[in-house]
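Shown next: data_31.cif, given as mmCIF, C-alpha atoms.
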data_model
loop_
_atom_site.label_atom_id
_atom_site.label_comp_id
_atom_site.auth_asym_id
_atom_site.auth_seq_id
_atom_site.Cartn_x
_atom_site.Cartn_y
_atom_site.Cartn_z
CA MET A 141 -103.44 64.23 -54.89
CA HIS A 142 -103.97 67.54 -56.64
CA ALA A 143 -103.67 65.87 -60.01
CA ILE A 144 -106.34 63.32 -59.08
CA HIS A 145 -108.73 66.06 -58.01
CA ARG A 146 -108.10 67.88 -61.25
CA PHE A 147 -108.74 64.73 -63.26
CA LEU A 148 -111.97 63.97 -61.38
CA ALA A 149 -113.16 67.48 -62.09
CA ILE A 150 -112.46 67.05 -65.77
CA ALA A 151 -114.03 63.63 -65.81
CA ILE A 152 -117.18 64.82 -64.07
CA SER A 153 -117.38 67.82 -66.33
CA ILE A 154 -117.21 65.76 -69.51
CA ALA A 155 -119.52 63.04 -68.22
CA PRO A 156 -122.66 64.92 -69.27
CA LEU A 157 -121.15 65.35 -72.73
CA ALA A 158 -120.59 61.62 -72.89
CA ALA A 159 -124.16 61.07 -71.78
CA ILE A 160 -125.40 63.38 -74.54
CA ALA A 161 -123.25 61.52 -77.02
CA GLN A 162 -124.86 58.29 -75.85
CA GLN A 163 -128.45 59.44 -76.00
CA PRO A 164 -130.81 56.55 -76.64
CA GLN A 165 -130.92 55.68 -80.29
CA ALA A 166 -134.07 54.46 -81.98
CA PRO A 167 -133.85 50.68 -81.99
CA ILE A 168 -133.41 48.78 -85.22
CA ALA A 169 -135.23 45.85 -83.66
CA SER A 170 -136.55 45.06 -80.23
CA GLN A 171 -137.99 42.17 -78.31
CA PRO A 172 -138.37 40.90 -74.77
CA THR A 173 -135.66 38.69 -73.33
CA ASN A 174 -136.16 35.79 -70.99
CA TRP A 175 -134.81 37.87 -68.12
CA GLN A 176 -138.05 38.93 -66.55
CA GLY A 177 -138.98 42.51 -67.41
CA VAL A 178 -135.89 43.08 -69.55
CA SER A 179 -136.16 43.89 -73.23
CA ALA A 180 -133.37 43.98 -75.78
CA ASP A 181 -133.04 46.70 -78.40
CA ILE A 182 -130.61 46.42 -81.27
CA THR A 183 -129.36 49.96 -81.73
CA GLU A 184 -126.45 49.33 -84.05
CA PHE A 185 -125.82 46.56 -86.55
CA LYS A 186 -122.93 47.83 -88.56
CA ARG A 187 -120.47 46.22 -90.94
CA LYS A 188 -117.12 47.93 -91.22
CA GLY A 189 -114.06 46.34 -92.76
CA ASN A 190 -114.05 42.69 -91.89
CA THR A 191 -116.18 42.96 -88.79
CA LEU A 192 -119.80 43.50 -87.90
CA THR A 193 -120.57 45.34 -84.68
CA VAL A 194 -123.76 44.91 -82.70
CA ARG A 195 -124.80 47.33 -80.04
CA LEU A 196 -127.51 46.12 -77.73
CA ARG A 197 -129.48 48.07 -75.20
CA LEU A 198 -130.95 46.09 -72.35
CA HIS A 199 -133.85 47.95 -70.76
CA ASP A 200 -135.53 47.01 -67.53
CA ASP A 201 -139.25 47.63 -67.97
CA GLY A 202 -140.28 45.26 -65.21
CA GLY A 203 -140.64 47.69 -62.32
CA LYS A 204 -137.88 46.12 -60.27
CA ASP A 205 -134.15 45.70 -60.57
CA SER A 206 -132.98 42.79 -62.74
CA TYR A 207 -129.74 40.93 -62.54
CA VAL A 208 -128.55 39.96 -66.02
CA ALA A 209 -125.69 37.56 -66.71
CA PHE A 210 -125.19 37.79 -70.45
CA ASN A 211 -123.02 35.12 -72.04
CA TYR A 212 -121.42 36.07 -75.33
CA ASP A 213 -120.59 32.47 -76.14
CA LYS A 214 -124.26 32.02 -76.96
CA CYS A 215 -124.26 34.79 -79.54
CA TYR A 216 -123.89 34.26 -83.26
CA LEU A 217 -125.03 35.43 -86.66
CA LEU A 218 -126.90 33.02 -88.88
CA ASP A 219 -127.23 33.36 -92.61
CA ALA A 220 -129.88 30.69 -93.10
CA GLY A 221 -129.99 31.16 -96.88
CA ALA A 222 -126.29 30.43 -97.28
CA GLY A 223 -126.22 28.03 -94.35
CA LYS A 224 -123.46 30.01 -92.62
CA LYS A 225 -122.98 30.64 -88.94
CA TYR A 226 -120.67 33.37 -87.64
CA GLN A 227 -119.40 33.04 -84.09
CA LEU A 228 -118.43 35.99 -81.95
CA LEU A 229 -114.85 37.17 -82.39
CA LYS A 230 -112.33 36.37 -79.70
CA ASP A 231 -108.89 37.82 -79.22
CA ASP A 232 -105.74 35.77 -79.07
CA ALA A 233 -106.20 35.38 -75.30
CA GLY A 234 -109.62 33.84 -75.85
CA ALA A 235 -111.54 36.86 -74.60
CA ALA A 236 -114.70 37.84 -76.42
CA ILE A 237 -114.34 41.08 -78.32
CA ALA A 238 -117.35 42.55 -76.65
CA ALA A 239 -118.41 44.51 -73.58
CA VAL A 240 -117.14 41.94 -71.13
CA ASN A 241 -116.93 42.63 -67.44
CA ALA A 242 -116.73 39.10 -66.04
CA GLY A 243 -114.43 36.31 -67.10
CA ASN A 244 -113.67 36.00 -70.78
CA ASP A 245 -117.12 36.09 -72.23
CA GLU A 246 -119.70 37.43 -69.79
CA TRP A 247 -121.34 40.65 -68.86
CA ARG A 248 -123.04 40.66 -65.49
CA GLU A 249 -124.90 43.60 -64.15
CA THR A 250 -127.94 44.60 -62.16
CA ILE A 251 -130.11 46.82 -64.31
CA LYS A 252 -132.12 49.16 -62.18
CA ALA A 253 -135.85 49.39 -62.73
CA GLY A 254 -136.66 51.72 -65.59
CA GLN A 255 -133.02 52.02 -66.65
CA SER A 256 -130.93 50.68 -69.50
CA GLN A 257 -127.49 49.30 -69.99
CA THR A 258 -125.80 49.07 -73.35
CA ILE A 259 -123.47 46.31 -74.36
CA TRP A 260 -121.88 45.44 -77.67
CA MET A 261 -120.17 42.60 -79.50
CA LYS A 262 -118.23 42.01 -82.68
CA PHE A 263 -118.56 39.30 -85.30
CA PRO A 264 -116.74 38.48 -88.53
CA ALA A 265 -118.50 40.41 -91.25
CA PRO A 266 -120.59 38.40 -93.69
CA PRO A 267 -119.73 39.08 -97.37
CA ALA A 268 -120.81 42.48 -98.70
CA THR A 269 -123.45 40.74 -100.81
CA VAL A 270 -125.26 39.72 -97.62
CA LYS A 271 -127.60 42.56 -96.81
CA SER A 272 -129.44 41.06 -93.86
CA ILE A 273 -128.78 38.30 -91.39
CA SER A 274 -130.24 36.81 -88.20
CA LEU A 275 -128.74 37.48 -84.81
CA SER A 276 -128.97 35.11 -81.87
CA ILE A 277 -128.06 36.38 -78.43
CA ASP A 278 -128.13 34.87 -74.99
CA ASN A 279 -131.49 34.10 -73.39
CA THR A 280 -133.49 35.86 -76.09
CA PRO A 281 -135.38 34.71 -79.17
CA PRO A 282 -133.39 35.36 -82.35
CA PHE A 283 -133.64 38.61 -84.24
CA ASP A 284 -134.45 37.52 -87.76
CA ASP A 285 -133.30 39.24 -90.95
CA LEU A 286 -131.70 42.32 -89.47
CA ALA A 287 -130.66 44.77 -92.15
CA ILE A 288 -126.90 45.30 -92.05
CA GLN A 289 -125.77 48.94 -91.96
CA ASP A 290 -122.62 49.41 -93.98
CA ALA A 291 -120.22 51.96 -92.57
CA PRO A 292 -119.14 54.56 -95.10
CA MET P 267 -101.94 48.62 -74.56
CA ILE P 268 -105.59 47.59 -74.41
CA ARG P 269 -105.53 47.85 -70.65
CA GLY P 270 -103.03 50.72 -70.86
CA LEU P 271 -103.08 54.12 -69.23
CA ALA P 272 -104.45 55.70 -72.37
CA HIS P 273 -107.82 54.15 -71.59
CA TRP P 274 -108.11 54.72 -67.86
CA PRO P 275 -110.18 57.96 -68.08
CA ALA P 276 -112.70 56.11 -70.25
CA ARG P 277 -112.67 53.28 -67.75
CA LEU P 278 -113.36 55.68 -64.93
CA LEU P 279 -116.28 57.14 -66.89
CA ALA P 280 -117.61 53.71 -67.52
CA GLY P 281 -117.31 53.02 -63.82
CA LEU P 282 -119.25 56.17 -63.00
CA MET P 283 -121.95 55.42 -65.56
CA PHE P 284 -122.37 51.69 -65.00
CA CYS P 285 -121.87 51.64 -61.21
CA ALA P 286 -119.65 48.86 -59.90
CA GLY P 287 -119.18 46.10 -62.50
CA ALA P 288 -118.23 42.51 -61.71
CA GLY P 289 -114.76 43.03 -63.21
CA ALA P 290 -112.67 45.21 -65.47
CA ALA P 291 -113.72 45.29 -69.11
CA THR P 292 -111.14 44.21 -71.66
CA TYR P 293 -112.55 46.34 -74.46
CA GLU P 294 -114.35 49.51 -73.43
CA ASP P 295 -115.63 50.78 -76.74
CA PRO P 296 -116.53 48.90 -79.90
CA TRP P 297 -115.08 51.60 -82.14
CA SER P 298 -111.88 52.34 -80.27
CA PRO P 299 -108.76 51.68 -82.34
CA ALA P 300 -107.66 49.01 -79.87
CA THR P 301 -110.94 47.14 -80.17
CA GLU P 302 -111.04 47.41 -83.94
CA GLN P 303 -107.46 46.28 -84.17
CA ALA P 304 -108.17 43.25 -81.98
CA ALA P 305 -111.29 42.43 -84.00
CA GLU P 306 -109.46 42.66 -87.33
CA ALA P 307 -106.67 40.49 -85.92
CA ALA P 308 -109.27 37.94 -84.79
CA VAL P 309 -110.78 37.86 -88.27
CA ALA P 310 -107.32 37.49 -89.79
CA ARG P 311 -106.64 34.53 -87.51
CA LEU P 312 -109.83 32.88 -88.73
CA GLY P 313 -108.64 33.26 -92.32
CA ALA P 314 -111.20 31.77 -94.66
CA ASN P 315 -113.02 30.14 -91.77
CA THR P 316 -115.04 33.08 -90.60
CA SER P 317 -118.22 31.03 -90.74
CA HIS P 318 -119.34 27.46 -90.29
CA ALA P 319 -121.48 25.66 -92.82
CA VAL P 320 -124.45 24.88 -90.63
CA VAL P 321 -126.77 23.66 -93.35
CA SER P 322 -124.43 20.98 -94.62
CA GLN P 323 -123.76 19.92 -91.04
CA THR P 324 -127.47 19.75 -90.43
CA ARG P 325 -127.95 17.73 -93.59
CA GLU P 326 -125.18 15.38 -92.54
CA ILE P 327 -126.74 14.98 -89.11
CA VAL P 328 -130.15 14.33 -90.65
CA ALA P 329 -128.65 11.82 -93.08
CA LYS P 330 -126.78 10.08 -90.27
CA THR P 331 -129.90 10.09 -88.13
CA HIS P 332 -131.87 8.48 -90.95
CA GLU P 333 -129.10 5.95 -91.41
CA ILE P 334 -129.05 5.11 -87.71
CA THR P 335 -132.84 5.00 -87.59
CA GLY P 336 -132.77 2.61 -90.54
CA LEU P 337 -130.16 0.46 -88.85
CA VAL P 338 -132.08 0.42 -85.59
CA SER P 339 -135.26 -0.43 -87.44
CA GLY P 340 -133.46 -3.13 -89.40
CA LEU P 341 -131.98 -4.46 -86.20
CA ALA P 342 -135.37 -4.50 -84.54
CA ASN P 343 -136.83 -6.35 -87.51
CA ALA P 344 -133.94 -8.79 -87.51
CA THR P 345 -134.38 -9.29 -83.78
CA HIS P 346 -138.08 -9.95 -84.23
CA GLU P 347 -137.27 -12.30 -87.07
CA VAL P 348 -134.72 -14.19 -84.98
CA GLN P 349 -137.09 -14.26 -82.03
CA GLY P 350 -139.77 -15.61 -84.35
CA GLU P 351 -137.44 -18.26 -85.74
CA VAL P 352 -136.35 -19.32 -82.27
CA GLN P 353 -139.97 -19.53 -81.19
CA ASP P 354 -140.86 -21.60 -84.25
CA LEU P 355 -137.94 -23.93 -83.58
CA VAL P 356 -138.95 -24.45 -79.97
CA VAL P 357 -142.51 -25.24 -81.02
CA ALA P 358 -141.41 -27.54 -83.83
CA LYS P 359 -139.09 -29.53 -81.56
CA ARG P 360 -141.78 -29.86 -78.96
CA ASP P 361 -144.43 -30.96 -81.47
CA LEU P 362 -142.09 -33.48 -83.06
CA GLY P 363 -140.85 -34.84 -79.73
CA ALA P 364 -137.27 -34.18 -80.83
CA GLN P 365 -134.41 -35.69 -78.84
CA GLU P 366 -131.43 -33.42 -78.64
CA SER P 367 -127.77 -33.93 -77.77
CA GLU P 368 -124.81 -31.62 -78.07
CA ILE P 369 -124.07 -32.70 -81.61
CA GLU P 370 -127.39 -33.70 -83.12
CA VAL P 371 -131.16 -33.55 -83.04
CA ARG P 372 -133.11 -36.75 -83.56
CA VAL P 373 -136.74 -36.85 -84.69
CA GLU P 374 -138.95 -39.91 -85.16
CA LEU P 375 -141.83 -39.47 -87.56
CA PRO P 376 -144.46 -42.23 -87.34
CA ALA P 377 -144.96 -43.84 -90.75
CA ASP P 378 -148.70 -43.97 -90.14
CA VAL P 379 -148.73 -40.17 -90.08
CA LEU P 380 -146.63 -39.86 -93.22
CA PHE P 381 -147.88 -42.68 -95.43
CA ASP P 382 -150.91 -44.72 -96.20
CA PHE P 383 -150.67 -48.42 -95.51
CA ASP P 384 -148.06 -50.11 -97.65
CA LYS P 385 -147.42 -46.90 -99.61
CA ALA P 386 -144.45 -44.60 -99.94
CA ASP P 387 -146.32 -41.47 -101.08
CA ILE P 388 -146.53 -38.70 -98.51
CA ARG P 389 -150.04 -38.07 -97.25
CA ALA P 390 -151.34 -34.53 -97.70
CA ASP P 391 -152.05 -34.21 -93.99
CA ALA P 392 -148.40 -34.93 -93.21
CA ALA P 393 -147.47 -31.50 -94.56
CA HIS P 394 -147.60 -29.79 -91.18
CA ALA P 395 -145.30 -32.31 -89.50
CA LEU P 396 -142.83 -32.10 -92.39
CA ALA P 397 -142.92 -28.30 -92.31
CA GLU P 398 -141.96 -28.45 -88.64
CA LEU P 399 -139.22 -30.92 -89.50
CA ALA P 400 -137.97 -28.45 -92.11
CA THR P 401 -137.93 -25.71 -89.44
CA VAL P 402 -135.62 -27.84 -87.29
CA ILE P 403 -133.38 -28.72 -90.25
CA ARG P 404 -133.05 -25.05 -91.23
CA ALA P 405 -131.97 -24.12 -87.72
CA TYR P 406 -128.75 -26.09 -88.14
CA LYS P 407 -126.07 -26.37 -90.77
CA GLY P 408 -125.08 -30.00 -90.48
CA ALA P 409 -125.88 -33.09 -92.56
CA VAL P 410 -129.29 -34.72 -92.34
CA ARG P 411 -129.76 -38.46 -92.35
CA LEU P 412 -133.19 -39.91 -93.20
CA GLU P 413 -133.69 -43.52 -92.13
CA GLY P 414 -136.72 -45.59 -93.09
CA HIS P 415 -137.95 -48.45 -90.84
CA THR P 416 -140.81 -50.92 -91.02
CA ASP P 417 -142.41 -53.40 -88.69
CA SER P 418 -141.75 -57.09 -89.01
CA LYS P 419 -144.78 -57.97 -91.07
CA GLY P 420 -144.06 -59.07 -94.62
CA ALA P 421 -140.95 -60.16 -96.43
CA ALA P 422 -137.67 -58.66 -95.38
CA GLU P 423 -136.73 -57.67 -98.93
CA TYR P 424 -140.07 -55.97 -99.47
CA ASN P 425 -139.80 -54.11 -96.17
CA GLN P 426 -136.26 -53.07 -97.04
CA LYS P 427 -137.40 -51.53 -100.33
CA LEU P 428 -140.43 -49.93 -98.69
CA SER P 429 -138.28 -48.33 -96.00
CA GLU P 430 -135.85 -47.03 -98.66
CA ARG P 431 -138.65 -45.58 -100.76
CA ARG P 432 -140.26 -43.94 -97.72
CA ALA P 433 -136.99 -42.30 -96.67
CA ALA P 434 -136.51 -41.07 -100.24
CA SER P 435 -140.07 -39.70 -100.33
CA VAL P 436 -139.46 -37.63 -97.24
CA ARG P 437 -136.24 -36.29 -98.74
CA GLN P 438 -137.96 -35.40 -102.01
CA TRP P 439 -140.76 -33.63 -100.15
CA LEU P 440 -138.29 -31.60 -98.12
CA VAL P 441 -136.44 -30.57 -101.27
CA GLU P 442 -139.49 -29.75 -103.33
CA ARG P 443 -141.85 -28.32 -100.75
CA GLU P 444 -139.50 -26.88 -98.15
CA GLN P 445 -136.50 -25.94 -100.30
CA ILE P 446 -134.06 -27.86 -98.14
CA SER P 447 -130.81 -28.49 -100.00
CA ALA P 448 -130.74 -32.01 -101.42
CA GLU P 449 -126.98 -32.13 -100.81
CA ARG P 450 -127.48 -31.97 -97.06
CA MET P 451 -129.65 -35.06 -96.94
CA THR P 452 -128.88 -38.75 -97.33
CA THR P 453 -131.38 -41.58 -97.13
CA GLN P 454 -131.11 -45.15 -96.00
CA GLY P 455 -133.62 -47.96 -95.53
CA PHE P 456 -133.33 -50.46 -92.69
CA GLY P 457 -136.46 -52.48 -93.31
CA LYS P 458 -137.43 -54.36 -90.19
CA THR P 459 -133.88 -54.76 -88.86
CA LYS P 460 -133.96 -52.03 -86.23
CA PRO P 461 -137.15 -52.22 -84.25
CA VAL P 462 -137.58 -49.88 -81.33
CA ALA P 463 -140.46 -51.80 -79.81
CA SER P 464 -141.90 -55.31 -79.79
CA ASN P 465 -143.44 -56.46 -83.05
CA ASP P 466 -145.81 -58.69 -81.12
CA THR P 467 -148.31 -55.93 -80.47
CA ASP P 468 -150.10 -53.40 -82.65
CA ALA P 469 -148.71 -50.57 -80.53
CA GLY P 470 -145.18 -51.91 -80.85
CA ARG P 471 -145.43 -52.40 -84.58
CA GLN P 472 -146.82 -48.90 -84.97
CA LYS P 473 -143.75 -47.54 -83.22
CA ASN P 474 -141.47 -49.54 -85.46
CA ARG P 475 -143.03 -48.13 -88.62
CA ARG P 476 -141.21 -44.86 -88.73
CA VAL P 477 -138.81 -42.51 -90.46
CA GLU P 478 -135.98 -41.36 -88.22
CA VAL P 479 -134.33 -38.09 -89.00
CA VAL P 480 -130.90 -37.30 -87.57
CA ILE P 481 -129.83 -33.68 -87.94
CA ARG P 482 -126.21 -32.87 -87.21
CA LYS P 483 -125.90 -29.47 -85.63
CA GLN P 484 -122.62 -28.54 -87.34
#

Could you render the structure as structure tokens?
Amino acid sequence: MHAIHRFLAIAISIAPLAAIAQQPQAPIASQPTNWQGVSADITEFKRKGNTLTVRLRLHDDGGKDSYVAFNYDKCYLLDAGAGKKYQLLKDDAGAAIAAVNAGNDEWRETIKAGQSQTIWMKFPAPPATVKSISLSIDNTPPFDDLAIQDAP
Amino acid sequence: MIRGLAHWPARLLAGLMFCAGAGAATYEDPWSPATEQAAEAAVARLGANTSHAVVSQTREIVAKTHEITGLVSGLANATHEVQGEVQDLVVAKRDLGAQESEIEVRVELPADVLFDFDKADIRADAAHALAELATVIRAYKGAVRLEGHTDSKGAAEYNQKLSERRAASVRQWLVEREQISAERMTTQGFGKTKPVASNDTDAGRQKNRRVEVVIRKQ
């Protein structure tokens, strides 16, 4: 019991630090989704090793809470020039390598009015020669020609 | 290890920050070693197949669609063609007063329609009737027998020759004008030996002056 209290104290004390670390980043690209009042910001689009990581901030601008059920199975990268499509990565158990909180490939959450939630997903990295690529995500028009950030 | 104890403080933080989620997350952080390891393993499992060739697939689909569209169009045209041919056949049989059994179709063409008096040359205005006859012949694959007949007036030998020449004229017309295979058709003259009506009246004699066409269906 004492140990739990001590841990909670530590956790609560470092929570603000975590919040600072996760201060809103300037979006790389942004557009409204088809969830009413919810917009999607791409805040990270980074290639590292053999994977490309997307971080997505869902922001509720609609003045009321929004329930979002985001399906990762509907997400992919499309290199139209090369005619290549990259599906989201899944682990050997079939779970999406992404911020999943429901089933194998979904994120479901109520986003409170005026607030944001950040999710992420991983794809196979396109070849290093590919400098930009389109991203399709669930229930949102595609983000065309996003510049890929290469991790150092 | 992914769901291991090492990650439970982070999970608790996530719980505090995101309120109550619908279930436990499998991967908490995109850049955690566990997540990166799982992602690299997933890529390794894909091997060379990290992407799908969507353009070639699209091209294939478009090509197949065109092919199917062409086939459907061709089928529709063929159907229209067959429907047209069937319609023409029905009309031709009706116009010619064709008699039909299971094995053959029999048509009687009045000689007065086909020939001038005492002649064996086809009249120009017989073309329509012979075109309809050709339509019926084309509808089947079997042999065609052309039989010439006369009325009883005149010498038997003369009538015999006249009936033979008239049957041959019809055959020649069908070959030359309607492109019916000559091999399918045989001719025979019967003169006045096979009347179908009384030769005592004009109406009867008119009926007897005829070319009978027997078309085997197979």

Within 10 Å of P:Arg471 using all atoms listed in the file, minus same-chain residues under 4 positions, as a count of residues only: 14

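Closest to chain P among A:Cys215, A:Ile277, A:Ala209, A:Leu286 is A:Ala209, based on all atoms listed in the file.
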
Near-stretch 188-200 of chain A list (9 Å; only C-alpha atoms; drop same-chain fewer than 3 positions) as number ranges by chain: A: 164, 167, 173, 176-185, 203-206, 229, 251-267, 288-292; P: 296-297, 302, 305-306, 309-310

Selection dump of the PyMOL selection byres ((chain A) within 7 of (chain P)), as a list in words: Ala151, Ala155, Asn190, Thr191, Gly223, Lys224, Lys225, Tyr226, Leu229, Lys230, Asp231, Ile237, Ala238, Ala239, Val240, Asn241, Ala242, Arg248, Glu249, Trp260 and Pro264 of chain A

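Interatomic distance, atom CA of P:Ala364 against atom CA of P:Ile446: 18.7 Å.
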
Explicit residues for the PyMOL selection byres ((chain P and resi 357-361) around 10) (as a ChimeraX atom specification): /P:351-356,362-366,371-373,394-402

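Nearest-residue note for A:Trp175: choosing from A:Asp285, A:Asp219, A:Asp201, A:Asp232, the minimum distance belongs to A:Asp201, counting only C-alpha atoms.
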
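For the pair atom CA of P:Ile388 and atom CA of P:Arg431, the separation is 10.7 Å.
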
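Take atom CA of P:Ala393 and atom CA of P:Asp468: the distance between them is 25.1 Å.
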
Resolved residues for the PyMOL selection byres ((chain P and resi 414) around 7) as a ChimeraX atom specification: /P:412-413,415,429-430,432-433,454-457,476-478

Nearby residues (only C-alpha atoms) at most 12 Å from P:Ser367, same-chain spacing under 6 positions excluded, as a list of chain:residue names: P:Val373, P:Val480, P:Ile481, P:Arg482, P:Lys483

Would you write out those residues with C-alpha atoms, as a PDB file, keeping the file's coordinate frame?
ATOM      1  CA  VAL P 373    -136.740 -36.850 -84.690  1.00  0.00           C
ATOM      2  CA  VAL P 480    -130.900 -37.300 -87.570  1.00  0.00           C
ATOM      3  CA  ILE P 481    -129.830 -33.680 -87.940  1.00  0.00           C
ATOM      4  CA  ARG P 482    -126.210 -32.870 -87.210  1.00  0.00           C
ATOM      5  CA  LYS P 483    -125.900 -29.470 -85.630  1.00  0.00           C
TER       6      LYS P 483
END

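Nearest-residue note for A:Asp278: choosing from A:Asp245, A:Gly234, A:Gly221, A:Gln165, the minimum distance belongs to A:Asp245, counting only C-alpha atoms.
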
Write out as AutoDock Vina command-line options an axis-aligned box for stretch 207-221 of chain A: all of its atoms listed in the file, 6 Å added on each side, centre and edge lengths in Å with one decimal.
--center_x -125.3 --center_y 35.8 --center_z -79.7 --size_x 21.4 --size_y 22.2 --size_z 46.3

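In terms of minimum interatomic distance to P:Asn474, P:Leu375 ranks closest within P:Ile327, P:Ala434, P:Ala448, P:Leu375, counting all atoms listed in the file.
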
Minimum-distance residue to P:Val379, chosen among P:Val436, P:Ile334, P:Ala344, P:Ala329 (using all atoms listed in the file): P:Val436

Counting all atoms listed in the file, I want the residues whose atoms come within 8 Å of (-125.2, 34.7, -80.4) in the file frame, returned as an mmCIF file with C-alpha atoms, in the frame of the given file.
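As a result, out.cif now contains:
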data_model
loop_
_atom_site.group_PDB
_atom_site.id
_atom_site.type_symbol
_atom_site.label_atom_id
_atom_site.label_comp_id
_atom_site.auth_asym_id
_atom_site.auth_seq_id
_atom_site.Cartn_x
_atom_site.Cartn_y
_atom_site.Cartn_z
ATOM 1 C CA TYR A 212 -121.420 36.070 -75.330
ATOM 2 C CA ASP A 213 -120.590 32.470 -76.140
ATOM 3 C CA LYS A 214 -124.260 32.020 -76.960
ATOM 4 C CA CYS A 215 -124.260 34.790 -79.540
ATOM 5 C CA TYR A 216 -123.890 34.260 -83.260
ATOM 6 C CA LEU A 217 -125.030 35.430 -86.660
ATOM 7 C CA GLN A 227 -119.400 33.040 -84.090
ATOM 8 C CA LEU A 228 -118.430 35.990 -81.950
ATOM 9 C CA LEU A 275 -128.740 37.480 -84.810
ATOM 10 C CA SER A 276 -128.970 35.110 -81.870
ATOM 11 C CA ILE A 277 -128.060 36.380 -78.430
ATOM 12 C CA ASP A 278 -128.130 34.870 -74.990
#
